[in-house]
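*Asks:* Hey, dropping coords.pdb in here, PDB, C-alpha atoms:
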ATOM      1  CA  MET J   1     146.491-127.916  -4.522
ATOM      2  CA  VAL J   2     148.953-125.086  -4.781
ATOM      3  CA  LYS J   3     151.754-126.914  -3.013
ATOM      4  CA  ALA J   4     151.315-130.051  -5.093
ATOM      5  CA  GLU J   5     151.167-128.007  -8.301
ATOM      6  CA  ILE J   6     147.806-129.520  -9.244
ATOM      7  CA  VAL J   7     146.707-126.053 -10.247
ATOM      8  CA  SER J   8     149.448-125.582 -12.779
ATOM      9  CA  TRP J   9     148.453-125.363 -16.444
ATOM     10  CA  PHE J  10     151.846-126.816 -17.271
ATOM     11  CA  ARG J  11     151.239-129.852 -15.072
ATOM     12  CA  ILE J  12     147.923-130.555 -16.768
ATOM     13  CA  TYR J  13     149.544-130.213 -20.180
ATOM     14  CA  GLU J  14     152.301-132.586 -19.082
ATOM     15  CA  MET J  15     149.690-135.034 -17.817
ATOM     16  CA  PHE J  16     147.960-135.182 -21.179
ATOM     17  CA  ARG J  17     151.298-135.899 -22.777
ATOM     18  CA  PHE J  18     151.889-138.724 -20.296
ATOM     19  CA  GLU J  19     155.224-137.186 -19.511
ATOM     20  CA  SER J  20     155.126-137.411 -15.772
ATOM     21  CA  PHE J  21     153.708-139.678 -13.146
ATOM     22  CA  HIS J  22     152.981-136.778 -10.793
ATOM     23  CA  MET J  23     149.333-136.014 -11.651
ATOM     24  CA  TYR J  24     148.495-139.693 -12.088
ATOM     25  CA  GLY J  25     150.099-140.428  -8.738
ATOM     26  CA  ILE J  26     147.958-137.799  -7.096
ATOM     27  CA  ILE J  27     144.668-138.889  -8.645
ATOM     28  CA  GLY J  28     145.546-142.578  -8.352
ATOM     29  CA  SER J  29     146.533-142.479  -4.712
ATOM     30  CA  ALA J  30     143.519-140.322  -3.896
ATOM     31  CA  ILE J  31     141.195-142.877  -5.476
ATOM     32  CA  GLY J  32     143.092-145.861  -4.068
ATOM     33  CA  LEU J  33     142.772-144.529  -0.565
ATOM     34  CA  GLY J  34     139.280-143.258  -1.301
ATOM     35  CA  VAL J  35     137.999-146.720  -2.177
ATOM     36  CA  PHE J  36     139.122-147.972   1.231
ATOM     37  CA  ILE J  37     137.660-145.013   3.048
ATOM     38  CA  ILE J  38     134.262-145.340   1.411
ATOM     39  CA  GLN J  39     134.135-149.085   1.986
ATOM     40  CA  PHE J  40     135.032-148.398   5.613
ATOM     41  CA  ILE J  41     132.257-145.817   5.876
ATOM     42  CA  LYS J  42     129.723-148.173   4.339
ATOM     43  CA  ARG J  43     130.607-151.261   6.324
ATOM     44  CA  GLN J  44     131.081-149.549   9.652
ATOM     45  CA  GLN J  45     128.024-147.359   8.943
ATOM     46  CA  ILE J  46     129.937-144.266   9.923
ATOM     47  CA  LYS J  47     127.644-141.388  10.761
ATOM     48  CA  THR J  48     128.175-137.703  10.168
ATOM     49  CA  LEU J  49     129.149-135.325  12.936
ATOM     50  CA  GLN J  50     125.467-134.515  13.318
ATOM     51  CA  GLY J  51     124.603-138.174  13.704
ATOM     52  CA  GLU J  52     123.022-138.702  10.298
ATOM     53  CA  SER J  53     123.897-141.650   8.138
ATOM     54  CA  ILE J  54     126.215-141.052   5.229
ATOM     55  CA  VAL J  55     124.301-141.966   2.103
ATOM     56  CA  PHE J  56     125.784-142.664  -1.292
ATOM     57  CA  HIS J  57     123.439-142.256  -4.227
ATOM     58  CA  PRO J  58     124.276-144.591  -7.079
ATOM     59  CA  LYS J  59     124.282-142.712 -10.354
ATOM     60  CA  GLN J  60     121.896-143.722 -13.093
ATOM     61  CA  MET J  61     123.754-145.548 -15.823
ATOM     62  CA  SER J  62     123.958-143.838 -19.169
ATOM     63  CA  ILE J  63     126.721-143.497 -21.697
ATOM     64  CA  THR J  64     125.709-140.415 -23.662
ATOM     65  CA  ARG J  65     125.620-137.754 -21.012
ATOM     66  CA  TYR J  66     128.712-138.916 -19.160
ATOM     67  CA  LEU J  67     130.776-139.425 -22.266
ATOM     68  CA  ILE J  68     129.765-136.280 -24.157
ATOM     69  CA  GLY J  69     129.690-134.130 -21.059
ATOM     70  CA  GLY J  70     133.022-135.587 -20.059
ATOM     71  CA  ILE J  71     134.609-134.860 -23.408
ATOM     72  CA  ILE J  72     133.393-131.273 -23.404
ATOM     73  CA  PHE J  73     134.717-130.844 -19.886
ATOM     74  CA  GLY J  74     138.022-132.420 -20.846
ATOM     75  CA  LEU J  75     138.448-129.975 -23.718
ATOM     76  CA  GLY J  76     138.023-127.084 -21.333
ATOM     77  CA  TRP J  77     140.234-128.714 -18.738
ATOM     78  CA  ALA J  78     143.162-129.004 -21.096
ATOM     79  CA  LEU J  79     142.598-125.552 -22.595
ATOM     80  CA  THR J  80     142.591-123.740 -19.281
ATOM     81  CA  GLY J  81     144.650-126.239 -17.307
ATOM     82  CA  ALA J  82     142.078-126.010 -14.551
ATOM     83  CA  CYS J  83     138.912-127.620 -13.331
ATOM     84  CA  PRO J  84     136.387-125.987 -10.964
ATOM     85  CA  GLY J  85     138.413-126.421  -7.769
ATOM     86  CA  PRO J  86     141.671-125.055  -9.146
ATOM     87  CA  MET J  87     139.811-122.190 -10.834
ATOM     88  CA  PHE J  88     139.065-120.687  -7.458
ATOM     89  CA  VAL J  89     142.354-121.709  -5.890
ATOM     90  CA  LEU J  90     144.214-119.887  -8.668
ATOM     91  CA  LEU J  91     142.080-116.813  -8.157
ATOM     92  CA  GLY J  92     143.237-116.738  -4.551
ATOM     93  CA  TYR J  93     146.778-117.483  -5.618
ATOM     94  CA  GLY J  94     146.741-114.223  -7.541
ATOM     95  CA  TYR J  95     145.734-114.819 -11.151
ATOM     96  CA  GLY J  96     142.969-112.304 -11.648
ATOM     97  CA  THR J  97     142.395-113.455 -15.218
ATOM     98  CA  LEU J  98     140.788-116.582 -13.778
ATOM     99  CA  LEU J  99     137.744-114.399 -13.224
ATOM    100  CA  LEU J 100     137.116-114.660 -16.949
ATOM    101  CA  VAL J 101     137.399-118.437 -16.785
ATOM    102  CA  ILE J 102     135.015-118.523 -13.832
ATOM    103  CA  LEU J 103     132.624-116.233 -15.662
ATOM    104  CA  GLY J 104     132.808-118.535 -18.672
ATOM    105  CA  ALA J 105     132.139-121.528 -16.451
ATOM    106  CA  ILE J 106     129.076-119.899 -14.914
ATOM    107  CA  LEU J 107     127.834-118.993 -18.388
ATOM    108  CA  GLY J 108     128.439-122.553 -19.556
ATOM    109  CA  THR J 109     126.511-123.864 -16.591
ATOM    110  CA  PHE J 110     123.685-121.455 -17.339
ATOM    111  CA  VAL J 111     123.475-122.408 -20.995
ATOM    112  CA  TYR J 112     123.427-126.067 -19.990
ATOM    113  CA  GLY J 113     120.528-125.385 -17.675
ATOM    114  CA  ILE J 114     118.604-123.809 -20.510
ATOM    115  CA  LEU J 115     119.395-126.452 -23.124
ATOM    116  CA  ARG J 116     119.085-129.361 -20.750
ATOM    117  CA  GLU J 117     115.685-130.620 -21.813
ATOM    118  CA  ARG J 118     116.784-130.793 -25.410
ATOM    119  CA  LEU J 119     120.050-132.630 -24.814
ATOM    120  CA  PRO J 120     120.334-136.428 -24.904
ATOM    121  CA  HIS J 121     120.753-137.894 -21.445
TER
ATOM    122  CA  MET A   1     159.443-126.257   7.758
ATOM    123  CA  GLU A   2     161.607-126.733   4.666
ATOM    124  CA  ILE A   3     159.359-129.559   3.579
ATOM    125  CA  ILE A   4     156.317-127.326   3.591
ATOM    126  CA  TYR A   5     157.985-124.690   1.410
ATOM    127  CA  ALA A   6     159.083-127.147  -1.245
ATOM    128  CA  SER A   7     156.536-128.627  -3.625
ATOM    129  CA  TRP A   8     154.588-131.519  -2.207
ATOM    130  CA  PRO A   9     154.962-135.028  -3.663
ATOM    131  CA  TRP A  10     152.020-136.965  -5.105
ATOM    132  CA  TYR A  11     151.854-139.440  -2.244
ATOM    133  CA  ILE A  12     151.144-136.573   0.117
ATOM    134  CA  ALA A  13     148.783-134.655  -2.148
ATOM    135  CA  GLY A  14     146.650-137.627  -3.179
ATOM    136  CA  PRO A  15     145.853-138.814   0.347
ATOM    137  CA  LEU A  16     145.218-135.215   1.373
ATOM    138  CA  LEU A  17     142.523-134.999  -1.297
ATOM    139  CA  THR A  18     140.991-138.191   0.071
ATOM    140  CA  LEU A  19     141.086-136.636   3.517
ATOM    141  CA  VAL A  20     139.168-133.655   2.153
ATOM    142  CA  MET A  21     136.573-135.973   0.662
ATOM    143  CA  PHE A  22     136.250-137.823   3.955
ATOM    144  CA  LEU A  23     135.915-134.643   5.990
ATOM    145  CA  LEU A  24     133.192-133.345   3.685
ATOM    146  CA  LEU A  25     131.307-136.646   3.939
ATOM    147  CA  TYR A  26     131.728-136.674   7.707
ATOM    148  CA  LEU A  27     130.265-133.203   7.908
ATOM    149  CA  GLY A  28     127.243-134.212   5.878
ATOM    150  CA  GLY A  29     128.327-132.991   2.464
ATOM    151  CA  SER A  30     130.262-134.421  -0.434
ATOM    152  CA  PHE A  31     133.279-133.602  -2.543
ATOM    153  CA  GLY A  32     132.000-132.126  -5.767
ATOM    154  CA  VAL A  33     133.061-128.618  -6.706
ATOM    155  CA  SER A  34     131.213-128.048  -9.980
ATOM    156  CA  ALA A  35     127.846-128.116  -8.214
ATOM    157  CA  ASN A  36     128.757-124.663  -6.958
ATOM    158  CA  LEU A  37     128.503-123.292 -10.470
ATOM    159  CA  ARG A  38     124.845-124.247 -10.507
ATOM    160  CA  THR A  39     124.297-122.690  -7.083
ATOM    161  CA  MET A  40     125.867-119.481  -8.340
ATOM    162  CA  CYS A  41     123.471-119.425 -11.296
ATOM    163  CA  THR A  42     120.586-120.003  -8.920
ATOM    164  CA  LEU A  43     121.687-117.197  -6.631
ATOM    165  CA  ALA A  44     121.957-114.905  -9.630
ATOM    166  CA  GLY A  45     118.334-115.600 -10.493
ATOM    167  CA  GLY A  46     118.704-118.464 -12.927
ATOM    168  CA  GLY A  47     115.576-120.098 -11.582
ATOM    169  CA  ARG A  48     113.555-117.744 -13.732
ATOM    170  CA  TYR A  49     115.044-119.182 -16.888
ATOM    171  CA  ALA A  50     115.302-122.889 -16.253
ATOM    172  CA  ASP A  51     114.003-125.411 -13.727
ATOM    173  CA  PHE A  52     117.534-126.644 -13.342
ATOM    174  CA  PHE A  53     118.249-123.572 -11.240
ATOM    175  CA  ALA A  54     115.005-123.542  -9.324
ATOM    176  CA  ILE A  55     116.627-125.308  -6.408
ATOM    177  CA  ASN A  56     116.789-124.465  -2.756
ATOM    178  CA  SER A  57     120.159-122.739  -2.594
ATOM    179  CA  HIS A  58     120.205-122.855   1.219
ATOM    180  CA  LYS A  59     120.951-126.545   1.076
ATOM    181  CA  HIS A  60     124.033-125.866  -1.019
ATOM    182  CA  ILE A  61     125.574-122.970   0.862
ATOM    183  CA  TRP A  62     128.054-125.264   2.606
ATOM    184  CA  ASN A  63     129.608-126.013  -0.758
ATOM    185  CA  LEU A  64     130.039-122.324  -1.483
ATOM    186  CA  VAL A  65     131.937-122.067   1.772
ATOM    187  CA  PHE A  66     134.257-124.690   0.329
ATOM    188  CA  VAL A  67     134.861-122.385  -2.640
ATOM    189  CA  ILE A  68     135.708-119.498  -0.373
ATOM    190  CA  GLY A  69     138.066-121.777   1.474
ATOM    191  CA  ALA A  70     139.680-122.772  -1.792
ATOM    192  CA  ILE A  71     140.285-119.141  -2.721
ATOM    193  CA  LEU A  72     141.744-118.485   0.717
ATOM    194  CA  GLY A  73     143.857-121.599   0.539
ATOM    195  CA  GLY A  74     145.262-120.535  -2.797
ATOM    196  CA  PHE A  75     146.099-117.142  -1.381
ATOM    197  CA  LEU A  76     147.738-118.492   1.766
ATOM    198  CA  ALA A  77     149.699-121.199   0.000
ATOM    199  CA  GLY A  78     150.904-118.823  -2.672
ATOM    200  CA  THR A  79     151.761-115.943  -0.413
ATOM    201  CA  PHE A  80     153.133-117.555   2.703
ATOM    202  CA  LEU A  81     153.977-121.133   2.009
ATOM    203  CA  SER A  82     155.888-120.900  -1.246
ATOM    204  CA  GLU A  83     159.483-120.094  -1.967
ATOM    205  CA  GLY A  84     159.428-119.829  -5.721
ATOM    206  CA  THR A  85     157.057-120.513  -8.554
ATOM    207  CA  GLU A  86     159.166-122.776 -10.704
ATOM    208  CA  ILE A  87     157.995-126.197 -11.709
ATOM    209  CA  THR A  88     160.176-129.014 -12.955
ATOM    210  CA  LEU A  89     158.580-130.348 -16.102
ATOM    211  CA  GLY A  90     159.549-133.253 -18.319
ATOM    212  CA  SER A  91     161.940-132.309 -21.104
ATOM    213  CA  HIS A  92     159.666-133.396 -23.944
ATOM    214  CA  THR A  93     156.883-131.311 -22.481
ATOM    215  CA  ILE A  94     159.139-128.278 -22.308
ATOM    216  CA  GLU A  95     160.115-128.691 -25.950
ATOM    217  CA  ALA A  96     156.541-129.135 -27.052
ATOM    218  CA  LEU A  97     155.478-126.041 -25.154
ATOM    219  CA  LYS A  98     158.205-123.973 -26.746
ATOM    220  CA  GLU A  99     157.056-125.159 -30.152
ATOM    221  CA  LEU A 100     153.590-123.951 -29.266
ATOM    222  CA  GLY A 101     155.112-120.564 -28.742
ATOM    223  CA  LEU A 102     155.123-120.437 -24.970
ATOM    224  CA  GLU A 103     158.236-118.906 -23.485
ATOM    225  CA  SER A 104     159.802-120.209 -20.303
ATOM    226  CA  PRO A 105     157.486-123.152 -19.578
ATOM    227  CA  GLY A 106     157.444-123.992 -15.928
ATOM    228  CA  LYS A 107     158.737-120.638 -14.791
ATOM    229  CA  ALA A 108     155.430-120.007 -13.102
ATOM    230  CA  TYR A 109     152.374-122.113 -12.492
ATOM    231  CA  LEU A 110     150.529-120.711 -15.490
ATOM    232  CA  PRO A 111     151.731-119.519 -18.871
ATOM    233  CA  GLU A 112     151.978-115.745 -18.831
ATOM    234  CA  GLU A 113     150.809-115.579 -22.450
ATOM    235  CA  LEU A 114     147.411-117.041 -21.582
ATOM    236  CA  PHE A 115     146.851-115.918 -18.028
ATOM    237  CA  GLY A 116     148.855-112.759 -17.561
ATOM    238  CA  TYR A 117     147.035-109.455 -17.718
ATOM    239  CA  SER A 118     148.406-108.911 -21.208
ATOM    240  CA  ALA A 119     146.034-111.629 -22.370
ATOM    241  CA  LEU A 120     143.182-109.267 -21.639
ATOM    242  CA  SER A 121     144.311-106.913 -24.333
ATOM    243  CA  SER A 122     143.443-109.197 -27.201
ATOM    244  CA  ILE A 123     140.115-110.596 -28.318
ATOM    245  CA  ARG A 124     141.820-113.952 -28.718
ATOM    246  CA  GLY A 125     143.192-113.886 -25.193
ATOM    247  CA  ILE A 126     139.836-113.032 -23.697
ATOM    248  CA  SER A 127     137.990-115.550 -25.880
ATOM    249  CA  LEU A 128     140.268-118.430 -24.955
ATOM    250  CA  LEU A 129     139.731-117.811 -21.262
ATOM    251  CA  LEU A 130     135.966-117.386 -21.584
ATOM    252  CA  PHE A 131     135.531-120.288 -23.963
ATOM    253  CA  GLY A 132     137.727-122.574 -21.859
ATOM    254  CA  GLY A 133     135.639-121.738 -18.841
ATOM    255  CA  PHE A 134     132.449-122.250 -20.814
ATOM    256  CA  LEU A 135     133.508-125.765 -21.809
ATOM    257  CA  ILE A 136     134.294-126.575 -18.182
ATOM    258  CA  GLY A 137     130.987-125.283 -16.903
ATOM    259  CA  PHE A 138     128.834-126.798 -19.606
ATOM    260  CA  GLY A 139     130.687-130.115 -19.650
ATOM    261  CA  ALA A 140     130.764-130.511 -15.882
ATOM    262  CA  ARG A 141     127.015-130.001 -15.500
ATOM    263  CA  TYR A 142     126.198-132.200 -18.484
ATOM    264  CA  ALA A 143     128.385-134.950 -17.040
ATOM    265  CA  GLY A 144     127.028-134.227 -13.596
ATOM    266  CA  GLY A 145     130.398-133.604 -12.032
ATOM    267  CA  CYS A 146     134.024-132.689 -12.538
ATOM    268  CA  THR A 147     137.271-134.272 -11.387
ATOM    269  CA  SER A 148     136.382-133.966  -7.714
ATOM    270  CA  GLY A 149     132.894-135.349  -8.158
ATOM    271  CA  HIS A 150     133.611-138.080 -10.670
ATOM    272  CA  ALA A 151     137.300-138.924 -10.673
ATOM    273  CA  ILE A 152     137.765-138.820  -6.938
ATOM    274  CA  SER A 153     134.381-139.227  -5.274
ATOM    275  CA  GLY A 154     132.691-141.260  -7.993
ATOM    276  CA  LEU A 155     135.544-143.669  -8.643
ATOM    277  CA  SER A 156     136.163-144.114  -4.913
ATOM    278  CA  ASP A 157     132.544-145.194  -4.711
ATOM    279  CA  LEU A 158     133.208-147.543  -7.626
ATOM    280  CA  GLN A 159     130.568-145.896  -9.806
ATOM    281  CA  LEU A 160     130.633-147.029 -13.423
ATOM    282  CA  PRO A 161     129.055-143.784 -14.719
ATOM    283  CA  SER A 162     131.953-141.902 -13.134
ATOM    284  CA  LEU A 163     134.415-144.085 -14.992
ATOM    285  CA  ILE A 164     132.702-143.196 -18.254
ATOM    286  CA  ALA A 165     132.863-139.541 -17.321
ATOM    287  CA  VAL A 166     136.558-139.766 -16.523
ATOM    288  CA  ILE A 167     137.207-141.536 -19.814
ATOM    289  CA  GLY A 168     135.383-138.647 -21.452
ATOM    290  CA  PHE A 169     137.545-136.162 -19.560
ATOM    291  CA  PHE A 170     140.620-137.810 -20.936
ATOM    292  CA  ILE A 171     139.383-138.065 -24.494
ATOM    293  CA  GLY A 172     138.587-134.355 -24.410
ATOM    294  CA  GLY A 173     141.851-133.471 -22.737
ATOM    295  CA  LEU A 174     143.930-135.479 -25.168
ATOM    296  CA  LEU A 175     142.079-134.055 -28.171
ATOM    297  CA  MET A 176     142.684-130.529 -26.968
ATOM    298  CA  THR A 177     146.318-131.060 -25.982
ATOM    299  CA  HIS A 178     147.450-132.923 -29.065
ATOM    300  CA  PHE A 179     145.231-131.656 -31.852
ATOM    301  CA  ILE A 180     143.612-128.362 -30.986
ATOM    302  CA  LEU A 181     146.101-126.400 -28.883
ATOM    303  CA  PRO A 182     148.719-126.490 -31.652
ATOM    304  CA  PHE A 183     146.232-124.644 -33.845
ATOM    305  CA  ILE A 184     144.907-122.062 -31.497
ATOM    306  CA  LEU A 185     148.079-121.120 -29.664
TER
END
Represent the supplied structure as structure tokens.

*Replies:*
Amino acid sequence: MVKAEIVSWFRIYEMFRFESFHMYGIIGSAIGLGVFIIQFIKRQQIKTLQGESIVFHPKQMSITRYLIGGIIFGLGWALTGACPGPMFVLLGYGYGTLLLVILGAILGTFVYGILRERLPH
Amino acid sequence: MEIIYASWPWYIAGPLLTLVMFLLLYLGGSFGVSANLRTMCTLAGGGRYADFFAINSHKHIWNLVFVIGAILGGFLAGTFLSEGTEITLGSHTIEALKELGLESPGKAYLPEELFGYSALSSIRGISLLLFGGFLIGFGARYAGGCTSGHAISGLSDLQLPSLIAVIGFFIGGLLMTHFILPFIL
């Protein structure tokens, strides 16, 4: 992530301005290849190292939770220029201030857990 | 060796992410980083406050190891595998960032104004970081995943709910970038 600059706030900002193919190329090629890999796993019934079958759980369809949750996440993503993976990568990279972002993320997760029953899903 | 020190192109990075997803699946897990935030709440005792955290954390330890790996990876890549920190950004982006008040966009990976230690000296600086993180944590759990879980894993599995989530990600991201950041920066 560091070498491909995925963790850069500036790259995320640039992505949301559609000013560069870079981030789209990364996500697009990852998904493109990923579709093949998962189809391969399913059809060839690839097992895990421990010999168990790899199971994919289809998600329950709903618009509300995915859309609203997604939008809220997106707001945070553009504000901090990071999502959960990069948050920790950046911490290792040397940006100590990410600890506040991580703390905020844990708090956000906690508040979600508490409010969950009352939110539309 | 030169190639490793320079920044990596998208056609290398993308497939590498897919490789990560495959390795995690092969080892019996899955590629979804935001789940760790829930595990952390559980480990901190969240189970007392909500059923959502009353899960068996042992089953999710492997994912926490991924987080540790990510921190290590960031450290190694930044310290040993990088020559400089400059990023080449599009010219319109650079102009827009300067208008927002950010000096030297692209000089480092993150804007010093928001992520440098000087940001800790203002309430606004601290709030932006905390609030940004809060949105990520809350949104990711509500949507049941983040970019790794939905955009990469979910879309690779051709899941429609993941597509909706990703559309949501983009709506939120665009709103923030184009309408909100100009006000709060």

*Asks:* Residues within 12 Å of J:Ser8, please, as a ChimeraX atom specification. Count only C-alpha atoms; anything in the same chain fewer than 5 positions from it doesn't count.

*Replies:* /J:1-3,13-15,22-23,77-83,86-87,89-90,93,95 /A:7,74,85-89,105-112,115

*Asks:* What residues come out when you apply the PyMOL selection byres ((chain A and resi 40) around 12) to this file, written as a VMD selection string?

*Replies:* (chain J and resid 102 to 103 105 to 110) or (chain A and resid 33 to 39 41 to 47 53 to 58 60 to 61 63 to 64 67 137)

*Asks:* Quick one: of A:Ile123, A:Met21, A:Ile71, A:Ile180, who's nearest to chain J, counting all atoms listed in the file?

*Replies:*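 With all atoms listed in the file as the atom set, the closest residue is A:Ile71.
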
*Asks:* Could you spell out the hits of the PyMOL selection byres ((chain A and resi 18) around 8) on the shown file, as a ChimeraX atom specification?

*Replies:* /J:30-31,33-34 /A:14-17,19-22,152

*Asks:* Which residue, A:Ser156, A:Ser162, A:Ser91, A:Ser118, has the smallest gap to chain J when you use all atoms listed in the file?

*Replies:*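 That would be A:Ser156, the residue with the smallest distance to chain J.
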
*Asks:* How far is it from atom CA of A:Ile68 to atom CA of J:Ile114, in Å with one decimal?

*Replies:* 26.8 Å

*Asks:* Which one is closest to J:Val101: A:Gly84, A:Pro161, A:Gly125, A:Gly145? Count all atoms listed in the file.

*Replies:*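 Comparing A:Gly84, A:Pro161, A:Gly125, A:Gly145 against J:Val101, the winner is A:Gly125.
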
*Asks:* Please, what distance in Å, to one decimal, runs between atom CA of J:Arg17 and atom CA of A:Ala13?

*Replies:* 20.8 Å

*Asks:* Which is closest to A:Gly101 among A:Gly149, A:Pro182, A:Gly139, A:Gly32, if we use only C-alpha atoms?

*Replies:* A:Pro182

*Asks:* Can you measure atom CA of J:Lys59 to atom CA of A:Gln159 for me? One decimal in Å is fine.

*Replies:*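 Here the two named atoms are 7.1 Å from each other.
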
*Asks:* Using only the atoms of stretch 41-53 of chain J listed in the file, plus 4 Å on each side, state the axis-aligned box centre and edge lengths in Å rounded to one decimal, as AutoDock Vina command-line options.

*Replies:*
--center_x 127.6 --center_y -142.9 --center_z 9.0 --size_x 17.2 --size_y 24.7 --size_z 17.4

*Asks:* Mind telling me what the PyMOL selection byres ((chain J and resi 62) around 10) catches here, as a list in words?

*Replies:*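 So the PyMOL selection byres ((chain J and resi 62) around 10) ends up selecting Lys59, Gln60, Met61, Ile63, Thr64, Arg65, Tyr66, Leu67 and His121 of chain J; Leu160, Pro161 and Ile164 of chain A.
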
*Asks:* Selected residues, C-alpha atoms, written as a CSV table (one decimal), in the coordinates of the input, please.

*Replies:*
chain,number,residue,atom,x,y,z
J,59,LYS,CA,124.3,-142.7,-10.4
J,60,GLN,CA,121.9,-143.7,-13.1
J,61,MET,CA,123.8,-145.5,-15.8
J,63,ILE,CA,126.7,-143.5,-21.7
J,64,THR,CA,125.7,-140.4,-23.7
J,65,ARG,CA,125.6,-137.8,-21.0
J,66,TYR,CA,128.7,-138.9,-19.2
J,67,LEU,CA,130.8,-139.4,-22.3
J,121,HIS,CA,120.8,-137.9,-21.4
A,160,LEU,CA,130.6,-147.0,-13.4
A,161,PRO,CA,129.1,-143.8,-14.7
A,164,ILE,CA,132.7,-143.2,-18.3

*Asks:* Around (125.4, -132.1, -17.9) in the file's frame, which residues reach within 10 Å when counting all atoms listed in the file? Return as a compact mmCIF listing (two decimals) with C-alpha atoms, in the coordinates of the input?

*Replies:*
# COMPACT_ATOMS: atom_id res chain seq x y z
CA ARG J 65 125.62 -137.75 -21.01
CA TYR J 66 128.71 -138.92 -19.16
CA ILE J 68 129.76 -136.28 -24.16
CA GLY J 69 129.69 -134.13 -21.06
CA GLY J 70 133.02 -135.59 -20.06
CA ILE J 72 133.39 -131.27 -23.40
CA PHE J 73 134.72 -130.84 -19.89
CA THR J 109 126.51 -123.86 -16.59
CA TYR J 112 123.43 -126.07 -19.99
CA GLY J 113 120.53 -125.38 -17.68
CA LEU J 115 119.40 -126.45 -23.12
CA ARG J 116 119.08 -129.36 -20.75
CA LEU J 119 120.05 -132.63 -24.81
CA PRO J 120 120.33 -136.43 -24.90
CA HIS J 121 120.75 -137.89 -21.44
CA GLY A 137 130.99 -125.28 -16.90
CA PHE A 138 128.83 -126.80 -19.61
CA GLY A 139 130.69 -130.12 -19.65
CA ALA A 140 130.76 -130.51 -15.88
CA ARG A 141 127.02 -130.00 -15.50
CA TYR A 142 126.20 -132.20 -18.48
CA ALA A 143 128.38 -134.95 -17.04
CA GLY A 144 127.03 -134.23 -13.60
CA GLY A 145 130.40 -133.60 -12.03

*Asks:* Kindly indicate which residue among J:Phe56, J:Gly104, J:Leu98, J:Phe36 lies nearest to chain A, using only C-alpha atoms for the distances.

*Replies:*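 For chain A, the nearest of the given residues is J:Gly104.
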
*Asks:* Which residue, J:Val7, J:Gln44, J:Phe18, J:Gly92, has the smallest gap to chain A when you use all atoms listed in the file?

*Replies:*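 Nearest to chain A: J:Gly92.
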
*Asks:* Could N, CA and C atoms be built for stretch 33-44 of chain J and written out as a JSON list (two decimals), in the frame of the given file?

*Replies:*
[["chain", "number", "residue", "atom", "x", "y", "z"],
["J", 33, "LEU", "N", 143.11, -144.71, -1.97],
["J", 33, "LEU", "CA", 142.77, -144.53, -0.56],
["J", 33, "LEU", "C", 141.27, -144.31, -0.40],
["J", 34, "GLY", "N", 140.70, -143.57, -1.37],
["J", 34, "GLY", "CA", 139.28, -143.26, -1.30],
["J", 34, "GLY", "C", 138.40, -144.50, -1.32],
["J", 35, "VAL", "N", 138.79, -145.49, -2.12],
["J", 35, "VAL", "CA", 138.00, -146.72, -2.18],
["J", 35, "VAL", "C", 137.93, -147.35, -0.79],
["J", 36, "PHE", "N", 139.09, -147.40, -0.11],
["J", 36, "PHE", "CA", 139.12, -147.97, 1.23],
["J", 36, "PHE", "C", 138.25, -147.19, 2.20],
["J", 37, "ILE", "N", 138.40, -145.87, 2.13],
["J", 37, "ILE", "CA", 137.66, -145.01, 3.05],
["J", 37, "ILE", "C", 136.16, -145.19, 2.87],
["J", 38, "ILE", "N", 135.71, -145.22, 1.63],
["J", 38, "ILE", "CA", 134.26, -145.34, 1.41],
["J", 38, "ILE", "C", 133.75, -146.72, 1.82],
["J", 39, "GLN", "N", 134.55, -147.75, 1.54],
["J", 39, "GLN", "CA", 134.14, -149.08, 1.99],
["J", 39, "GLN", "C", 134.03, -149.11, 3.50],
["J", 40, "PHE", "N", 135.01, -148.47, 4.16],
["J", 40, "PHE", "CA", 135.03, -148.40, 5.61],
["J", 40, "PHE", "C", 133.77, -147.70, 6.12],
["J", 41, "ILE", "N", 133.45, -146.56, 5.47],
["J", 41, "ILE", "CA", 132.26, -145.82, 5.88],
["J", 41, "ILE", "C", 131.01, -146.66, 5.72],
["J", 42, "LYS", "N", 130.92, -147.38, 4.59],
["J", 42, "LYS", "CA", 129.72, -148.17, 4.34],
["J", 42, "LYS", "C", 129.60, -149.34, 5.30],
["J", 43, "ARG", "N", 130.69, -150.08, 5.49],
["J", 43, "ARG", "CA", 130.61, -151.26, 6.32],
["J", 43, "ARG", "C", 130.46, -150.94, 7.81],
["J", 44, "GLN", "N", 131.17, -149.91, 8.24],
["J", 44, "GLN", "CA", 131.08, -149.55, 9.65],
["J", 44, "GLN", "C", 129.91, -148.61, 9.91]]
